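Student: Below you'll find coords_0.cif; it's mmCIF, C-alpha atoms.
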data_query
#
loop_
_atom_site.label_atom_id
_atom_site.label_comp_id
_atom_site.auth_asym_id
_atom_site.auth_seq_id
_atom_site.Cartn_x
_atom_site.Cartn_y
_atom_site.Cartn_z
CA MET A 1 34.06 136.14 141.69
CA THR A 2 31.14 138.08 140.29
CA GLU A 3 28.12 135.97 139.44
CA LYS A 4 25.94 135.87 136.37
CA ASN A 5 22.37 137.00 136.99
CA GLN A 6 19.90 135.35 134.70
CA ASN A 7 17.62 138.34 134.30
CA TRP A 8 20.29 140.93 133.64
CA GLU A 9 20.66 141.89 130.02
CA PRO A 10 21.84 144.84 127.93
CA TRP A 11 19.34 147.57 127.11
CA GLU A 12 20.02 150.09 124.37
CA VAL A 13 19.53 153.71 125.40
CA PHE A 14 18.20 156.58 123.28
CA ILE A 15 18.24 160.14 124.60
CA GLN A 16 16.53 163.31 123.41
CA PRO A 17 19.17 166.00 123.96
CA GLY A 18 16.90 169.05 123.58
CA GLN A 19 13.47 170.41 122.80
CA GLY A 20 12.32 169.23 119.37
CA ALA A 21 15.39 167.04 118.78
CA PRO A 22 15.03 163.40 117.76
CA HIS A 23 16.04 160.63 120.16
CA GLU A 24 19.59 159.48 119.48
CA HIS A 25 21.37 156.26 120.39
CA ALA A 26 23.64 157.00 123.38
CA GLY A 27 24.93 153.56 124.39
CA ASN A 28 23.67 150.76 126.59
CA VAL A 29 23.20 149.74 130.21
CA HIS A 30 22.74 146.42 131.97
CA ALA A 31 19.54 145.99 133.97
CA SER A 32 17.08 143.37 135.14
CA ASP A 33 13.95 145.24 134.06
CA ALA A 34 12.71 148.34 132.28
CA GLU A 35 12.51 150.53 135.37
CA MET A 36 16.08 149.75 136.38
CA ALA A 37 17.26 150.24 132.79
CA LEU A 38 15.68 153.70 132.79
CA GLN A 39 17.29 154.67 136.10
CA ASN A 40 20.70 153.35 135.08
CA ALA A 41 20.42 155.18 131.76
CA ARG A 42 19.65 158.43 133.62
CA ASP A 43 22.66 157.96 135.91
CA LEU A 44 24.96 157.10 133.03
CA PHE A 45 23.89 159.39 130.18
CA ALA A 46 22.12 162.32 131.85
CA ARG A 47 24.56 163.41 134.55
CA ARG A 48 24.89 166.88 133.06
CA GLY A 49 23.37 168.95 130.29
CA LYS A 50 19.82 168.98 129.03
CA VAL A 51 18.27 165.59 128.49
CA LEU A 52 14.51 165.82 127.98
CA SER A 53 13.60 162.19 127.57
CA ILE A 54 15.09 158.69 127.54
CA TRP A 55 13.95 155.54 125.74
CA VAL A 56 15.29 152.10 126.70
CA VAL A 57 14.77 148.87 124.79
CA PRO A 58 16.18 145.37 125.35
CA ALA A 59 19.07 144.98 122.89
CA ARG A 60 17.72 141.59 121.77
CA MET A 61 14.52 143.27 120.51
CA ILE A 62 16.41 145.29 117.90
CA THR A 63 16.68 143.85 114.42
CA ALA A 64 19.47 145.45 112.41
CA SER A 65 20.37 145.29 108.73
CA SER A 66 23.55 143.41 108.02
CA PRO A 67 26.61 145.31 106.75
CA SER A 68 27.59 142.51 104.36
CA ASP A 69 24.24 142.90 102.57
CA SER A 70 24.19 146.68 102.69
CA GLY A 71 25.09 146.91 98.98
CA PRO A 72 22.13 144.99 97.55
CA PHE A 73 19.87 145.97 100.46
CA PHE A 74 20.13 149.71 99.81
CA ASP A 75 20.70 149.39 96.07
CA PRO A 76 17.14 150.18 95.01
CA ALA A 77 17.55 153.73 96.35
CA ASP A 78 20.75 154.41 94.42
CA ASP A 79 19.48 154.79 90.86
CA LYS A 80 16.30 156.79 91.34
CA ALA A 81 17.30 160.26 90.30
CA TYR A 82 13.61 161.09 89.82
CA ARG A 83 13.23 161.14 93.60
CA HIS A 84 15.34 164.29 93.79
CA PRO A 85 14.24 167.80 92.74
CA LYS A 86 17.28 168.19 90.47
CA PHE A 87 15.76 165.66 88.06
CA TYR A 88 13.06 168.15 87.02
CA THR A 89 13.31 171.26 84.89
CA VAL A 90 11.30 174.46 84.98
CA PRO A 91 11.23 177.28 82.42
CA LYS A 92 13.86 179.99 82.87
CA GLY A 93 12.83 182.88 85.08
CA VAL A 94 10.17 180.94 86.99
CA ARG A 95 10.88 181.18 90.70
CA GLY A 96 9.75 179.46 93.90
CA VAL A 97 9.01 176.06 92.34
CA MET B 1 35.42 136.11 99.56
CA ASP B 2 38.57 134.70 101.18
CA ASP B 3 40.16 136.19 104.28
CA GLN B 4 43.06 137.75 102.38
CA THR B 5 40.66 139.73 100.21
CA LYS B 6 38.60 140.70 103.24
CA LEU B 7 41.75 141.86 105.02
CA ARG B 8 42.76 143.99 102.03
CA GLU B 9 39.31 145.59 101.92
CA PHE B 10 39.39 146.14 105.69
CA GLU B 11 42.79 147.85 105.56
CA ALA B 12 41.70 149.95 102.59
CA ARG B 13 38.69 151.15 104.58
CA ILE B 14 40.96 152.09 107.50
CA LEU B 15 43.37 153.95 105.21
CA ASN B 16 40.36 155.76 103.81
CA GLY B 17 39.50 157.02 107.30
CA GLU B 18 36.32 154.96 107.64
CA LEU B 19 35.13 153.75 111.03
CA ILE B 20 34.74 150.02 111.66
CA GLU B 21 31.43 149.08 113.28
CA PRO B 22 30.61 146.00 115.42
CA LYS B 23 28.99 143.91 112.68
CA ASP B 24 31.65 144.66 110.05
CA TRP B 25 34.23 142.04 109.14
CA MET B 26 37.49 142.54 111.05
CA PRO B 27 40.66 140.47 111.51
CA GLU B 28 40.72 138.41 114.72
CA ARG B 29 43.87 140.27 115.81
CA TYR B 30 42.06 143.60 115.51
CA ARG B 31 39.22 142.28 117.67
CA LYS B 32 41.63 140.79 120.24
CA GLN B 33 43.79 143.90 120.47
CA LEU B 34 40.72 146.09 120.96
CA ILE B 35 39.22 143.86 123.65
CA ARG B 36 42.57 143.88 125.46
CA MET B 37 42.94 147.65 125.24
CA ILE B 38 39.32 148.58 125.97
CA SER B 39 39.03 146.24 128.95
CA GLN B 40 42.29 147.55 130.43
CA HIS B 41 41.00 151.06 129.92
CA ALA B 42 37.68 150.16 131.61
CA HIS B 43 39.47 148.53 134.57
CA SER B 44 41.65 151.66 134.93
CA GLU B 45 38.56 153.86 135.24
CA VAL B 46 37.09 151.60 137.90
CA ILE B 47 40.32 151.16 139.90
CA GLY B 48 40.95 154.90 139.43
CA MET B 49 38.00 155.62 141.72
CA LEU B 50 39.84 154.13 144.71
CA PRO B 51 42.72 156.56 145.28
CA GLU B 52 40.27 159.48 145.01
CA GLY B 53 37.52 157.84 147.02
CA ASN B 54 40.10 157.75 149.81
CA TRP B 55 39.65 161.54 150.27
CA ILE B 56 35.89 162.07 149.80
CA THR B 57 35.13 162.08 153.53
CA ARG B 58 38.13 164.32 154.22
CA ALA B 59 37.71 166.95 151.49
CA PRO B 60 38.56 170.34 153.05
CA ASN B 61 35.19 171.96 152.29
CA LEU B 62 31.81 171.31 150.72
CA ARG B 63 32.73 172.79 147.33
CA ARG B 64 35.67 170.41 147.01
CA LYS B 65 33.59 167.53 148.26
CA ILE B 66 30.79 167.85 145.70
CA SER B 67 33.38 168.18 142.92
CA LEU B 68 35.19 165.07 144.06
CA LEU B 69 31.97 163.08 144.41
CA ALA B 70 30.87 164.11 140.91
CA LYS B 71 34.28 163.26 139.49
CA VAL B 72 34.42 159.80 141.05
CA GLN B 73 30.91 159.12 139.77
CA ASP B 74 32.07 160.15 136.28
CA GLU B 75 34.92 157.62 136.48
CA ALA B 76 32.40 154.86 137.21
CA GLY B 77 30.44 156.05 134.19
CA HIS B 78 33.56 155.93 132.02
CA GLY B 79 34.16 152.35 133.10
CA LEU B 80 30.62 151.48 132.01
CA TYR B 81 30.92 153.19 128.59
CA LEU B 82 34.07 151.17 128.02
CA TYR B 83 32.76 147.78 129.17
CA SER B 84 29.86 148.39 126.75
CA ALA B 85 32.30 149.12 123.94
CA ALA B 86 34.17 145.87 124.72
CA GLU B 87 30.88 143.97 124.61
CA THR B 88 30.23 145.12 121.05
CA LEU B 89 33.26 142.99 120.11
CA GLY B 90 31.75 139.89 121.69
CA ALA B 91 33.52 140.13 125.06
CA ASP B 92 31.54 139.07 128.11
CA ARG B 93 31.35 141.74 130.81
CA ASN B 94 31.31 139.29 133.71
CA SER B 95 34.42 137.52 132.42
CA LEU B 96 36.25 140.82 132.08
CA ILE B 97 35.31 141.85 135.62
CA ASN B 98 36.34 138.44 136.95
CA GLN B 99 39.74 138.77 135.27
CA LEU B 100 40.20 142.00 137.21
CA LEU B 101 39.04 140.45 140.51
CA ASP B 102 41.33 137.46 139.97
CA GLY B 103 44.29 139.79 139.49
CA LEU B 104 44.77 138.62 135.88
CA ALA B 105 43.91 141.89 134.15
CA LYS B 106 46.12 144.92 133.72
CA TYR B 107 45.09 148.47 134.52
CA SER B 108 46.95 151.77 134.54
CA SER B 109 50.09 151.55 136.68
CA ILE B 110 49.43 155.02 138.17
CA PHE B 111 46.59 153.85 140.41
CA ASN B 112 48.95 151.64 142.38
CA TYR B 113 50.39 154.73 144.08
CA PRO B 114 48.85 155.97 147.34
CA THR B 115 47.07 159.32 147.86
CA LEU B 116 48.89 160.48 150.99
CA THR B 117 47.73 164.11 151.17
CA TRP B 118 44.88 166.29 149.92
CA ALA B 119 47.26 167.76 147.33
CA ASP B 120 47.38 164.31 145.69
CA ILE B 121 43.71 164.77 144.72
CA GLY B 122 44.66 167.96 142.92
CA ILE B 123 47.59 166.23 141.25
CA ILE B 124 45.46 163.33 140.05
CA GLY B 125 43.12 165.78 138.30
CA TRP B 126 45.93 167.90 136.88
CA PHE B 127 48.58 165.28 136.01
CA VAL B 128 46.79 161.93 135.76
CA ASP B 129 43.62 163.17 134.08
CA GLY B 130 45.71 165.57 132.02
CA ALA B 131 47.73 162.61 130.73
CA ALA B 132 44.54 160.60 130.21
CA ILE B 133 43.04 163.44 128.14
CA VAL B 134 46.08 163.45 125.83
CA ASN B 135 45.63 159.72 125.30
CA GLN B 136 41.84 159.73 125.04
CA THR B 137 41.71 162.68 122.63
CA MET B 138 43.66 160.45 120.27
CA LEU B 139 41.45 157.43 120.98
CA ALA B 140 38.33 159.49 120.20
CA LYS B 141 39.60 159.43 116.60
CA CYS B 142 40.49 155.73 116.50
CA SER B 143 39.19 153.40 113.81
CA TYR B 144 36.69 151.43 115.91
CA GLY B 145 33.37 153.31 116.09
CA PRO B 146 32.10 152.30 119.55
CA TYR B 147 35.50 152.90 121.19
CA ALA B 148 35.91 156.26 119.44
CA ARG B 149 32.44 157.37 120.58
CA ALA B 150 33.04 156.20 124.17
CA ASN B 151 36.25 158.25 124.28
CA LEU B 152 34.54 161.31 122.87
CA ARG B 153 32.00 161.13 125.67
CA ILE B 154 34.80 160.59 128.22
CA CYS B 155 36.86 163.55 126.96
CA LYS B 156 33.94 165.93 127.38
CA GLU B 157 33.83 165.04 131.08
CA GLU B 158 37.59 164.85 131.71
CA ASN B 159 38.06 168.55 131.08
CA PHE B 160 36.19 169.36 134.28
CA HIS B 161 38.32 166.77 136.09
CA LYS B 162 41.57 168.35 135.01
CA LYS B 163 40.46 171.89 135.75
CA GLN B 164 39.16 171.13 139.24
CA GLY B 165 42.47 169.36 139.99
CA TYR B 166 44.56 172.27 138.80
CA GLU B 167 42.40 174.64 140.84
CA ILE B 168 43.18 172.62 143.98
CA ILE B 169 46.92 172.81 143.25
CA VAL B 170 46.84 176.54 142.45
CA THR B 171 45.01 177.21 145.73
CA LEU B 172 47.63 175.26 147.69
CA ALA B 173 50.56 176.72 145.76
CA GLN B 174 49.35 180.25 146.57
CA GLY B 175 48.45 179.41 150.16
CA THR B 176 50.54 179.16 153.32
CA GLU B 177 54.11 177.87 153.29
CA GLU B 178 52.86 174.53 154.57
CA GLN B 179 50.27 174.27 151.78
CA ARG B 180 52.84 175.18 149.14
CA LYS B 181 55.13 172.46 150.46
CA MET B 182 52.30 169.97 150.34
CA ALA B 183 51.65 170.82 146.66
CA GLN B 184 55.37 170.57 145.80
CA ASP B 185 55.71 167.24 147.61
CA SER B 186 52.80 165.90 145.60
CA VAL B 187 54.35 167.09 142.31
CA ASN B 188 57.59 165.36 143.36
CA ARG B 189 55.90 162.04 144.02
CA TRP B 190 53.56 161.97 140.96
CA TRP B 191 55.62 163.49 138.13
CA TRP B 192 57.61 160.41 137.14
CA PRO B 193 54.82 157.85 137.63
CA THR B 194 52.60 160.07 135.43
CA LEU B 195 55.19 160.03 132.63
CA MET B 196 55.26 156.22 132.95
CA MET B 197 51.48 156.10 132.37
CA PHE B 198 52.03 156.39 128.61
CA GLY B 199 53.90 153.08 128.64
CA PRO B 200 57.40 151.94 127.70
CA PRO B 201 59.42 153.92 125.13
CA ASP B 202 58.84 153.40 121.41
CA GLY B 203 60.68 150.33 120.22
CA GLN B 204 59.89 148.48 123.46
CA SER B 205 56.14 148.28 122.86
CA PRO B 206 55.35 144.95 121.24
CA ASN B 207 51.87 145.94 120.05
CA SER B 208 52.51 149.43 118.71
CA GLU B 209 53.20 148.72 115.03
CA GLU B 210 49.99 146.75 114.52
CA LEU B 211 47.88 149.20 116.55
CA MET B 212 49.09 152.13 114.49
CA ARG B 213 48.66 150.37 111.15
CA TRP B 214 45.02 149.72 112.03
CA LYS B 215 44.60 153.22 113.45
CA ILE B 216 43.61 151.95 116.86
CA LYS B 217 46.35 154.37 117.87
CA LEU B 218 47.33 157.41 115.86
CA TYR B 219 50.45 158.48 117.76
CA SER B 220 53.24 156.60 119.49
CA LYS B 221 53.67 156.47 123.27
CA ASP B 222 56.68 158.78 123.16
CA GLU B 223 54.79 161.31 121.04
CA LEU B 224 51.89 161.34 123.50
CA ARG B 225 54.25 161.60 126.48
CA GLN B 226 56.02 164.55 124.84
CA ARG B 227 52.71 166.30 124.21
CA PHE B 228 51.79 165.93 127.89
CA ILE B 229 55.19 167.22 129.04
CA ASP B 230 55.02 170.28 126.79
CA LEU B 231 51.49 171.08 127.97
CA THR B 232 52.19 170.62 131.66
CA ILE B 233 55.51 172.36 132.30
CA PRO B 234 54.24 175.90 131.60
CA GLN B 235 51.27 175.13 133.91
CA ALA B 236 53.71 174.20 136.70
CA LYS B 237 55.83 177.29 136.09
CA ALA B 238 52.75 179.51 136.26
CA VAL B 239 52.37 178.63 139.95
CA ASN B 240 56.10 178.28 140.76
CA LEU B 241 56.11 174.54 141.27
CA ASN B 242 59.32 172.71 140.41
CA ILE B 243 59.41 169.66 138.19
CA PRO B 244 61.66 167.13 140.02
CA ASP B 245 64.06 166.60 137.14
CA PRO B 246 67.56 168.20 137.20
CA ASP B 247 68.03 167.32 133.51
CA LEU B 248 64.88 169.06 132.32
CA ARG B 249 65.66 171.56 129.57
CA PHE B 250 63.93 173.33 126.72
CA ASN B 251 65.16 172.41 123.26
CA GLU B 252 64.96 175.62 121.23
CA LYS B 253 65.28 173.74 117.97
CA SER B 254 62.44 171.26 118.43
CA GLY B 255 60.36 173.47 120.70
CA ASN B 256 60.04 170.56 123.14
CA TRP B 257 60.90 170.11 126.79
CA GLU B 258 63.41 167.28 127.22
CA THR B 259 63.40 165.25 130.43
CA GLY B 260 65.96 163.07 132.13
CA SER B 261 65.60 159.31 131.80
CA ILE B 262 62.60 157.51 133.22
CA ASP B 263 63.11 154.66 135.69
CA TRP B 264 61.53 151.87 133.67
CA ASP B 265 62.48 149.28 136.30
CA GLU B 266 60.01 150.97 138.61
CA PHE B 267 57.32 150.90 135.92
CA PHE B 268 57.74 147.16 135.27
CA ARG B 269 57.82 146.45 139.00
CA VAL B 270 54.48 148.21 139.47
CA ILE B 271 52.91 146.58 136.39
CA LYS B 272 53.95 143.15 137.66
CA GLY B 273 52.10 143.72 140.93
CA TYR B 274 54.79 145.08 143.22
CA GLY B 275 53.72 148.73 143.39
CA PRO B 276 52.86 150.29 146.76
CA MET B 277 49.08 149.70 146.47
CA ASN B 278 48.47 146.81 144.01
CA ARG B 279 47.25 144.40 146.67
CA GLN B 280 44.94 146.94 148.36
CA ARG B 281 43.36 147.97 145.05
CA ILE B 282 42.32 144.45 144.10
CA GLU B 283 41.27 143.71 147.66
CA ALA B 284 38.98 146.77 147.63
CA ARG B 285 37.36 145.64 144.36
CA ARG B 286 36.84 142.11 145.71
CA ASN B 287 35.19 143.48 148.83
CA ALA B 288 32.94 145.75 146.79
CA ASP B 289 31.92 142.80 144.64
CA LYS B 290 31.26 140.58 147.64
CA ASN B 291 29.35 143.23 149.57
CA GLY B 292 27.09 143.97 146.61
CA GLN B 293 26.27 140.35 145.90
CA TRP B 294 23.12 140.16 148.06
CA VAL B 295 21.71 143.28 146.38
CA ARG B 296 22.20 141.80 142.93
CA ALA B 297 20.75 138.46 144.05
CA ALA B 298 17.67 140.16 145.52
CA ASP B 299 17.17 142.18 142.38
CA ASP B 300 17.50 139.10 140.22
CA ALA B 301 14.99 137.17 142.35
CA TRP B 302 12.52 140.06 142.14
CA ALA B 303 12.90 140.30 138.36
CA GLU B 304 12.39 136.56 138.08
CA LYS B 305 9.19 136.77 140.12
CA GLN B 306 7.86 139.55 137.88
CA ARG B 307 8.75 137.56 134.80
CA LEU B 308 6.83 134.50 136.01
CA LYS B 309 3.66 136.43 136.91
CA PRO B 310 1.00 135.41 134.41
CA ASN B 311 -0.51 138.02 132.07
CA GLU B 312 1.20 140.99 133.61
CA MET B 313 3.87 143.31 132.33
CA ALA B 314 7.06 142.89 134.33
CA GLY B 315 7.76 145.87 136.53
CA SER B 316 4.37 147.53 136.02
#
The structure given in the file should be rewritten as structure tokens.
Tutor:
Amino acid sequence: MTEKNQNWEPWEVFIQPGQGAPHEHAGNVHASDAEMALQNARDLFARRGKVLSIWVVPARMITASSPSDSGPFFDPADDKAYRHPKFYTVPKGVRGV
Amino acid sequence: MDDQTKLREFEARILNGELIEPKDWMPERYRKQLIRMISQHAHSEVIGMLPEGNWITRAPNLRRKISLLAKVQDEAGHGLYLYSAAETLGADRNSLINQLLDGLAKYSSIFNYPTLTWADIGIIGWFVDGAAIVNQTMLAKCSYGPYARANLRICKEENFHKKQGYEIIVTLAQGTEEQRKMAQDSVNRWWWPTLMMFGPPDGQSPNSEELMRWKIKLYSKDELRQRFIDLTIPQAKAVNLNIPDPDLRFNEKSGNWETGSIDWDEFFRVIKGYGPMNRQRIEARRNADKNGQWVRAADDAWAEKQRLKPNEMAGS
């Protein structure tokens, strides 16, 4: 029977798949510390292809918005047409604005 | 909002092609079915390393050996992607692994057959991974986000697995008479068990209706099996290998290859634990777990020591 190790926990893994690309969530690994999390993440998510950099963070350190509140939570952004260029008019024939 | 309303909204989202994410509301049955399926899938990847691991030290040359090593390592990776996906549903990884070690969990019936010759390594890549790709390509489009994404990642790697397996078989099939016989013998032993991998025929699968309604599965077992058969037979013909089925015939009307009947008694025997290798597979996993215990304990003790050090970053 496999035992439970008190210091093992899930770490979320973010990889940068190419030069200039943002880090993207790839999945998670189990590890007892940051160094092991980084090595496990390399073995699991960077076996082939170009990975330039990896970030790992303990899953418990991530605070996420809740899907049940996503309506009211993101509401304020829904009705602000003036944040988009289409809201504004320019005289006919004027270019490059 | 009551559960009936939530269920209606959930099913409307699924019909609409939306993906369900871990923190979204979902029916308990959906969660249970997914944990069952994903953990069985994870166990299959892990157990699947054993029949192939059997040949790593005896690969015929270095090229074959590095391929096989890389492939077996990929299978371990697939197991980990899948255990992670199961955890997003609230399953505990240790409990899942213990169910496997205690012989309580199911895994793919195919891995309870022995790899008797080198040709079997080719056949596992060509047939077994070929069948797995058909299944996983569907699962990469399933309604549960983390499982769909895990399968997408898996499919990208499986293509190399299938191709290296077919290359092994082609080499043997075009080799000496003895090599050709070895390839044919392997086809003979693995063809029917591979068809059984997709599971019992439609109408005998108790979970299918629910799984398809919730788009955990998009096609039935018979549909997937047919797709595999139609893909594989021309590949066998291309290298003059015979499919061991006297009833096999091409149906001009449907455009499908029709096979003789599958021995489902054999399938249920193997699933219930009476296949040729069931006992050895679990035994090998138990030994691996036991032999790794001191490493995990040492690591845990070291991490604990770092954690208790005052005013220092752990691991720095």
Student: Please write the residues picked by the PyMOL selection byres ((chain A) within 12 of (chain B)) on this file as a PyMOL selection string.
Tutor: chain A and resi 1-13+25-38+40-49+59+64-70
Student: Mind dumping the selected residues with C-alpha atoms as an mmCIF file, in the frame of the given file?
Tutor:
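Final file, again-v7.cif:
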data_model
loop_
_atom_site.group_PDB
_atom_site.id
_atom_site.type_symbol
_atom_site.label_atom_id
_atom_site.label_comp_id
_atom_site.auth_asym_id
_atom_site.auth_seq_id
_atom_site.Cartn_x
_atom_site.Cartn_y
_atom_site.Cartn_z
ATOM 1 C CA MET A 1 34.060 136.140 141.690
ATOM 2 C CA THR A 2 31.140 138.080 140.290
ATOM 3 C CA GLU A 3 28.120 135.970 139.440
ATOM 4 C CA LYS A 4 25.940 135.870 136.370
ATOM 5 C CA ASN A 5 22.370 137.000 136.990
ATOM 6 C CA GLN A 6 19.900 135.350 134.700
ATOM 7 C CA ASN A 7 17.620 138.340 134.300
ATOM 8 C CA TRP A 8 20.290 140.930 133.640
ATOM 9 C CA GLU A 9 20.660 141.890 130.020
ATOM 10 C CA PRO A 10 21.840 144.840 127.930
ATOM 11 C CA TRP A 11 19.340 147.570 127.110
ATOM 12 C CA GLU A 12 20.020 150.090 124.370
ATOM 13 C CA VAL A 13 19.530 153.710 125.400
ATOM 14 C CA HIS A 25 21.370 156.260 120.390
ATOM 15 C CA ALA A 26 23.640 157.000 123.380
ATOM 16 C CA GLY A 27 24.930 153.560 124.390
ATOM 17 C CA ASN A 28 23.670 150.760 126.590
ATOM 18 C CA VAL A 29 23.200 149.740 130.210
ATOM 19 C CA HIS A 30 22.740 146.420 131.970
ATOM 20 C CA ALA A 31 19.540 145.990 133.970
ATOM 21 C CA SER A 32 17.080 143.370 135.140
ATOM 22 C CA ASP A 33 13.950 145.240 134.060
ATOM 23 C CA ALA A 34 12.710 148.340 132.280
ATOM 24 C CA GLU A 35 12.510 150.530 135.370
ATOM 25 C CA MET A 36 16.080 149.750 136.380
ATOM 26 C CA ALA A 37 17.260 150.240 132.790
ATOM 27 C CA LEU A 38 15.680 153.700 132.790
ATOM 28 C CA ASN A 40 20.700 153.350 135.080
ATOM 29 C CA ALA A 41 20.420 155.180 131.760
ATOM 30 C CA ARG A 42 19.650 158.430 133.620
ATOM 31 C CA ASP A 43 22.660 157.960 135.910
ATOM 32 C CA LEU A 44 24.960 157.100 133.030
ATOM 33 C CA PHE A 45 23.890 159.390 130.180
ATOM 34 C CA ALA A 46 22.120 162.320 131.850
ATOM 35 C CA ARG A 47 24.560 163.410 134.550
ATOM 36 C CA ARG A 48 24.890 166.880 133.060
ATOM 37 C CA GLY A 49 23.370 168.950 130.290
ATOM 38 C CA ALA A 59 19.070 144.980 122.890
ATOM 39 C CA ALA A 64 19.470 145.450 112.410
ATOM 40 C CA SER A 65 20.370 145.290 108.730
ATOM 41 C CA SER A 66 23.550 143.410 108.020
ATOM 42 C CA PRO A 67 26.610 145.310 106.750
ATOM 43 C CA SER A 68 27.590 142.510 104.360
ATOM 44 C CA ASP A 69 24.240 142.900 102.570
ATOM 45 C CA SER A 70 24.190 146.680 102.690
#
Student: For a test of reading the model, state the distance in Å between CA of Ser186 in chain B and CA of Thr259 in chain B, rounded to one decimal.
Tutor: 18.5 Å
Student: Counting all atoms listed in the file, figure out which residue out of B:Glu258, B:Leu152, B:Glu177, B:Asp263 gets nearest to Gly199 in chain B.
Tutor: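 Of the candidates, the smallest distance to Gly199 in chain B is held by B:Asp263.
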Student: Which residues would end up in the selection if the PyMOL selection byres ((chain B and resi 267-283) around 6) were applied here, given that I need the answer as a ChimeraX atom specification?
Tutor: /B:109,112-113,264-266,284-286
Student: Here's the selection I'm unsure about, the PyMOL selection byres ((chain B and resi 223) around 12); applied to the file above, which residues does it give, as a list of chain:residue names?
Tutor: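 On this input, the PyMOL selection byres ((chain B and resi 223) around 12) captures B:Val134, B:Asn135, B:Met138, B:Leu195, B:Phe198, B:Gly199, B:Pro200, B:Pro201, B:Asp202, B:Lys217, B:Leu218, B:Tyr219, B:Ser220, B:Lys221, B:Asp222, B:Leu224, B:Arg225, B:Gln226, B:Arg227, B:Phe228, B:Ile229, B:Asp230, B:Asn256.
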Student: Please produce a file of the residues just selected, as a tab-separated table (two decimals), in the coordinates of the input, where the atoms kept are C-alpha atoms.
Tutor:
chain	number	residue	atom	x	y	z
B	134	VAL	CA	46.08	163.45	125.83
B	135	ASN	CA	45.63	159.72	125.30
B	138	MET	CA	43.66	160.45	120.27
B	195	LEU	CA	55.19	160.03	132.63
B	198	PHE	CA	52.03	156.39	128.61
B	199	GLY	CA	53.90	153.08	128.64
B	200	PRO	CA	57.40	151.94	127.70
B	201	PRO	CA	59.42	153.92	125.13
B	202	ASP	CA	58.84	153.40	121.41
B	217	LYS	CA	46.35	154.37	117.87
B	218	LEU	CA	47.33	157.41	115.86
B	219	TYR	CA	50.45	158.48	117.76
B	220	SER	CA	53.24	156.60	119.49
B	221	LYS	CA	53.67	156.47	123.27
B	222	ASP	CA	56.68	158.78	123.16
B	224	LEU	CA	51.89	161.34	123.50
B	225	ARG	CA	54.25	161.60	126.48
B	226	GLN	CA	56.02	164.55	124.84
B	227	ARG	CA	52.71	166.30	124.21
B	228	PHE	CA	51.79	165.93	127.89
B	229	ILE	CA	55.19	167.22	129.04
B	230	ASP	CA	55.02	170.28	126.79
B	256	ASN	CA	60.04	170.56	123.14
